[in-house]
Structure formats: C-alpha cells, structure tokens
Amino acid sequence: MDFYGYFRSSSSYRCRIAFNLKGLDYRFKPVHLKSGAQRDPAFKALNPQGLLPALVTDDGAVLIQSLAILEWLEETHPTPAILSSDPLTRARERGFAQVIACETHPLQNLRVLSYLTGELGLDDAAKDGWLTRWLRDGLEACEGLLAQRPTQSRFCFGETPGLADICLVPQVFSAERFGISYADLPRVSAVYAACQALPAFDKAAPKNQPDFEA
Ligand SMILES: N[C@@H](CCC(=O)N[C@@H](CS)C(=O)NCC(=O)O)C(=O)O
C-alpha cells in the first residue's frame with residue numbers, strides 16, 4: 001500500500017495509528033502541506049479534493065477520507081478490531097469519531113485557517129480565538145460523551161483502543177499544538193495518557209515520522 005500523508009496532518013495520524021494497531025506495513029509518500037503540495041496536479045489526479053490522506057491499495061485502488069480508510073482497513077484486516085462487536089457500542093464509537101472528524105477537525109484545517117487570515121483578513125488573535133472556540137467545543141463534547149458511557153473504561157469504549165481513540169489522540173495533539181488547554185477534561189486526559197503509553201500510538205506520533213520538521 002502507498003500511503004500519502006504528512007507528519008502533522010491529523011487525519012493522516014489517525015490512519016497511521018490504525019496501521020500500527022493492525023500491524024500493517026505501507027510505503028510512505030510524503031506530501032508537504034505547508035508548501036501546498038496537496039494542490040499539485042499530480043496529487044490532485046489522485047485525490048481531486050486536494051486533501052490528505054490518500055491510500056493506494058495493493059490493487060491500485062485509491063481511497064480518500066480517513067474514516068473511510070479506517071473502515072476499509074477494519075473490513076479487510078479485522079484483527080485486532082478497532083470497532084466493537086456490539087452494534088450499540090459500534091454506533092457510539094462512530095458517533096464519537098464523527099464529532100471529531102466531521103465537526104471539530106475541519107474547522108482547524110490549513111485551508112480554513114488560511115482563508116481566515118488571508119481572504120477574511122483576521123489577525124492571529126482572532127484566528128486563535130476561532131481555534132479555541134471550536135476545538136474546545138469538540139473536546140468538551142468528547143468529555144461529555146465519555147462521561148455518559150454506561151461503563152467507564154481505560155480507552156474510549158473498552159479496554160482496548162479503537163476508532164474513537166484513533167480520532168481523539170490526534171485531536172488532543174492538535175489542541176496541544178495550538179496551545180489550547182484540556183486539563184479540565186479528566187476523561188479526555190486519561191484516555192489520551194493511556195493511548196500515549198502504547199507503542200502503536202507512539203510510533204504514529206508526528207515527531208516519529210520520516211518527514212517530521214520541528
Ligand atoms: N475529512 C478529511 C479531512 C482531510 C483534511 O482536511 N486533511 C488535511 C490534513 S489533516 C489537509 O489535507 N489539509 C490541506 C489543506 O487544508 O490545504 C479526512 O478525514 O480525511
């Protein structure tokens with residue numbers, strides 16, 4: 001498999017965690033987001049949306065959108081599972097993942113931030129206010145969902161990491177990167193710490209990627 005990603009990309013980070021949890025190898029194809037390589041015609045021929053990640057399977061099929069890639073990985077490499085065998089828990093895991101991937105992360109995306117400071121002319125303080133508003137909103141929702149769980153557990157929805165943890169960790173990492181505190185969210189903090197202790201998560205961290213830049 002060829003995996004097109006970038007060390008700091010949250011949605012690439014999600015896929016890297018899943019590859020590691022499932023013990024899958026891939027050829028890494030770096031796409032330098034900061035210099036706009038995602039808009040190069042060669043990359044847009046692969047993903048017309050011009051966003052990371054993209055995965056080219058061994059059969060040459062191109063997959064985009066991290067949640068779709070994660071679901072495909074789960075269906076083609078079911079062990080170890082990242083989704084519960086219980087339909088209700090599975091729906092909760094997917095709902096939690098979507099709070100992050102559909103409602104929170106898109107508002108911190110490079111192209112959105114560039115539009116705020118470019119076309120809309122916002123200064124850095126206003127941009128930081130935007131980030132704090134929307135990232136806190138998402139993380140507070142995650143804390144609420146974790147508090148609602150019928151059974152409290154080490155990871156989001158059980159004693160092994162799954163889809164929800166895969167989405168939560170890159171989102172908390174982004175909060176740290178943007179200087180947004182989450183210390184008052186005890187369940188989010190505890191799950192993040194539990195995940196950080198696992199090699200699959202550590203190996204997927206931005207600082208451990210071949211294209212890492214300080
Ligand atoms: N919903 C998409 C999000 C994709 C996305 O926004 N990717 C970011 C990196 S995390 C990107 O490529 N940004 C480039 C840009 O904004 O120009 C997914 O989950 O894959």
# chains A, B, ... in the order shown; residues from 1 in each chain; ligands from 1
$ residues_near_ligand --ligand "ligand 1" --cutoff "10 Å" --atoms "only C-alpha atoms and all ligand atoms" --output "count of residues only"
54
$ residues_around --residues "Ala193 in chain A" --least-positions-apart "4" --cutoff "10 Å" --atoms "only C-alpha atoms" --output "PyMOL selection string"
chain A and resi 154-155+169+187-189+197-198
$ closest_atom_pairs --of "range 74-136 of chain A" --to "range 16-23 of chain A" --cutoff "8 Å" --atoms "only C-alpha atoms" --output "tab-separated table"
residue	atom	partner	partner_atom	distance
A:His77	CA	A:Lys22	CA	7.3
A:Thr79	CA	A:Lys22	CA	6.6
A:Pro80	CA	A:Lys22	CA	5.9
A:Ile82	CA	A:Ala18	CA	7.9
$ write_last_selection --atoms "C-alpha atoms" --output "mmCIF file, in the first residue's frame"
data_model
loop_
_atom_site.group_PDB
_atom_site.id
_atom_site.type_symbol
_atom_site.label_atom_id
_atom_site.label_comp_id
_atom_site.auth_asym_id
_atom_site.auth_seq_id
_atom_site.Cartn_x
_atom_site.Cartn_y
_atom_site.Cartn_z
ATOM 1 C CA HIS A 77 -7.918 -6.653 8.251
ATOM 2 C CA THR A 79 -7.945 -8.408 13.680
ATOM 3 C CA PRO A 80 -7.352 -6.730 16.046
ATOM 4 C CA ILE A 82 -10.984 -1.204 16.110
#
$ closest_residue --among "A:Arg133, A:Leu116, A:Phe173, A:Gly60" --to "Phe201 in chain A" --atoms "only C-alpha atoms"
A:Phe173
$ select_by_dssp --residues "range 36-189 of chain A" --states "strand (DSSP E)" --output "list in words"
Ala54, Leu55, Val56, Val62, Leu63 and Ile64 of chain A
$ write_last_selection --atoms "N, CA and C atoms" --output "mmCIF file, in the first residue's frame"
data_model
loop_
_atom_site.group_PDB
_atom_site.id
_atom_site.type_symbol
_atom_site.label_atom_id
_atom_site.label_comp_id
_atom_site.auth_asym_id
_atom_site.auth_seq_id
_atom_site.Cartn_x
_atom_site.Cartn_y
_atom_site.Cartn_z
ATOM 1 N N ALA A 54 -4.427 9.982 1.472
ATOM 2 C CA ALA A 54 -4.909 9.130 0.386
ATOM 3 C C ALA A 54 -4.158 7.812 0.497
ATOM 4 N N LEU A 55 -4.870 6.757 0.188
ATOM 5 C CA LEU A 55 -4.259 5.424 0.265
ATOM 6 C C LEU A 55 -4.441 4.736 -1.084
ATOM 7 N N VAL A 56 -3.342 4.207 -1.624
ATOM 8 C CA VAL A 56 -3.447 3.417 -2.852
ATOM 9 C C VAL A 56 -3.227 1.960 -2.441
ATOM 10 N N VAL A 62 -7.673 3.806 -5.274
ATOM 11 C CA VAL A 62 -7.360 4.985 -4.462
ATOM 12 C C VAL A 62 -8.494 5.214 -3.463
ATOM 13 N N LEU A 63 -8.124 5.325 -2.203
ATOM 14 C CA LEU A 63 -9.099 5.614 -1.149
ATOM 15 C C LEU A 63 -8.761 6.954 -0.519
ATOM 16 N N ILE A 64 -9.785 7.742 -0.236
ATOM 17 C CA ILE A 64 -9.597 9.024 0.458
ATOM 18 C C ILE A 64 -10.535 9.079 1.656
#
$ closest_residue --among "A:Thr76, A:Ala61, A:Gly95, A:Glu143" --to "Asn47 in chain A" --atoms "only C-alpha atoms"
A:Ala61
$ select_by_dssp --residues "range 1-207 of chain A" --states "alpha helix (DSSP H)" --output "JSON, numbers by chain"
{"A": [10, 11, 12, 13, 14, 15, 16, 17, 18, 19, 20, 21, 41, 42, 43, 44, 45, 46, 66, 67, 68, 69, 70, 71, 72, 73, 74, 75, 76, 87, 88, 89, 90, 91, 92, 93, 94, 95, 96, 97, 98, 110, 111, 112, 113, 114, 115, 116, 117, 124, 125, 126, 127, 128, 129, 130, 131, 132, 133, 134, 135, 136, 137, 138, 139, 140, 141, 142, 143, 144, 145, 146, 147, 148, 163, 164, 165, 166, 167, 168, 169, 170, 171, 172, 173, 174, 175, 176, 177, 186, 187, 188, 189, 190, 191, 192, 193, 194, 195, 196, 199, 200, 201, 202, 203, 204]}
$ atom_distance --atom1 "CA of Lys207 in chain A" --atom2 "CA of Arg177 in chain A"
12.1 Å
$ decode --residues "range 85-196 of chain A" --atoms "C-alpha atoms" --output "compact mmCIF listing (two decimals), in the first residue's frame"
# COMPACT_ATOMS: atom_id res chain seq x y z
CA SER A 85 -18.70 -6.38 18.01
CA ASP A 86 -21.75 -4.86 19.75
CA PRO A 87 -23.86 -2.74 17.35
CA LEU A 88 -24.78 -0.18 20.02
CA THR A 89 -21.17 0.36 21.08
CA ARG A 90 -20.14 0.49 17.42
CA ALA A 91 -22.65 3.29 16.81
CA ARG A 92 -21.30 5.15 19.85
CA GLU A 93 -17.73 4.75 18.59
CA ARG A 94 -18.69 6.06 15.16
CA GLY A 95 -20.63 8.96 16.65
CA PHE A 96 -17.67 9.94 18.80
CA ALA A 97 -15.30 9.69 15.82
CA GLN A 98 -17.62 11.91 13.77
CA VAL A 99 -17.75 14.58 16.48
CA ILE A 100 -14.03 14.95 15.86
CA ALA A 101 -13.64 14.17 12.19
CA CYS A 102 -16.77 15.92 10.89
CA GLU A 103 -17.45 18.74 13.35
CA THR A 104 -14.17 19.68 15.02
CA HIS A 105 -11.12 18.97 12.89
CA PRO A 106 -12.47 20.60 9.67
CA LEU A 107 -12.55 23.97 11.46
CA GLN A 108 -8.82 23.84 12.23
CA ASN A 109 -7.77 22.76 8.76
CA LEU A 110 -4.96 24.59 6.99
CA ARG A 111 -7.15 25.83 4.13
CA VAL A 112 -9.76 27.16 6.58
CA LEU A 113 -7.15 28.96 8.71
CA SER A 114 -5.51 30.36 5.57
CA TYR A 115 -8.89 31.70 4.44
CA LEU A 116 -9.50 33.34 7.83
CA THR A 117 -6.15 35.13 7.86
CA GLY A 118 -5.97 35.67 4.08
CA GLU A 119 -9.30 36.44 2.39
CA LEU A 120 -11.07 37.50 5.60
CA GLY A 121 -8.06 39.38 6.95
CA LEU A 122 -8.29 38.15 10.55
CA ASP A 123 -5.24 38.70 12.74
CA ASP A 124 -3.55 35.97 14.75
CA ALA A 125 -5.51 36.76 17.92
CA ALA A 126 -8.82 36.36 16.09
CA LYS A 127 -7.61 33.14 14.48
CA ASP A 128 -6.55 31.81 17.89
CA GLY A 129 -9.98 32.75 19.26
CA TRP A 130 -11.59 30.75 16.44
CA LEU A 131 -9.40 27.74 17.16
CA THR A 132 -10.06 27.84 20.89
CA ARG A 133 -13.80 28.23 20.35
CA TRP A 134 -14.17 25.25 18.06
CA LEU A 135 -11.54 22.88 19.43
CA ARG A 136 -12.79 23.35 22.98
CA ASP A 137 -16.34 22.81 21.76
CA GLY A 138 -15.33 19.47 20.23
CA LEU A 139 -13.22 18.29 23.17
CA GLU A 140 -15.93 19.26 25.68
CA ALA A 141 -18.41 17.19 23.66
CA CYS A 142 -15.94 14.27 23.79
CA GLU A 143 -15.68 14.66 27.58
CA GLY A 144 -19.47 14.62 27.83
CA LEU A 145 -19.72 11.51 25.69
CA LEU A 146 -17.09 9.75 27.80
CA ALA A 147 -18.95 10.72 30.98
CA GLN A 148 -22.16 9.24 29.51
CA ARG A 149 -20.63 5.81 28.90
CA PRO A 150 -22.58 3.04 30.63
CA THR A 151 -19.24 1.66 31.88
CA GLN A 152 -16.11 3.71 32.45
CA SER A 153 -13.07 2.18 30.76
CA ARG A 154 -9.38 2.76 30.11
CA PHE A 155 -9.89 3.65 26.47
CA CYS A 156 -12.89 5.45 24.98
CA PHE A 157 -15.14 2.44 24.63
CA GLY A 158 -13.42 -0.50 26.25
CA GLU A 159 -10.16 -1.93 27.48
CA THR A 160 -8.54 -1.93 24.05
CA PRO A 161 -8.09 1.09 21.77
CA GLY A 162 -10.49 1.60 18.88
CA LEU A 163 -11.86 4.07 16.36
CA ALA A 164 -12.77 6.70 18.96
CA ASP A 165 -9.27 6.67 20.48
CA ILE A 166 -7.76 6.79 17.00
CA CYS A 167 -9.63 10.03 16.36
CA LEU A 168 -9.26 11.52 19.84
CA VAL A 169 -5.47 11.34 20.10
CA PRO A 170 -4.64 13.45 17.01
CA GLN A 171 -7.30 15.97 18.06
CA VAL A 172 -5.78 16.35 21.54
CA PHE A 173 -2.34 16.58 19.94
CA SER A 174 -3.67 19.49 17.82
CA ALA A 175 -5.06 21.20 20.91
CA GLU A 176 -1.59 20.98 22.48
CA ARG A 177 -0.01 22.33 19.31
CA PHE A 178 -2.37 25.30 19.25
CA GLY A 179 -1.85 25.92 22.99
CA ILE A 180 -5.43 25.03 23.94
CA SER A 181 -5.81 23.59 27.43
CA TYR A 182 -7.80 20.43 28.10
CA ALA A 183 -6.53 19.83 31.65
CA ASP A 184 -10.06 20.39 32.98
CA LEU A 185 -11.34 17.43 30.92
CA PRO A 186 -10.37 14.44 33.09
CA ARG A 187 -11.69 11.62 30.90
CA VAL A 188 -10.21 13.03 27.71
CA SER A 189 -6.89 13.49 29.53
CA ALA A 190 -6.95 9.95 30.95
CA VAL A 191 -7.71 8.30 27.59
CA TYR A 192 -5.03 10.41 25.90
CA ALA A 193 -2.45 9.33 28.51
CA ALA A 194 -3.47 5.67 28.22
CA CYS A 195 -3.08 5.79 24.42
CA GLN A 196 0.25 7.61 24.57
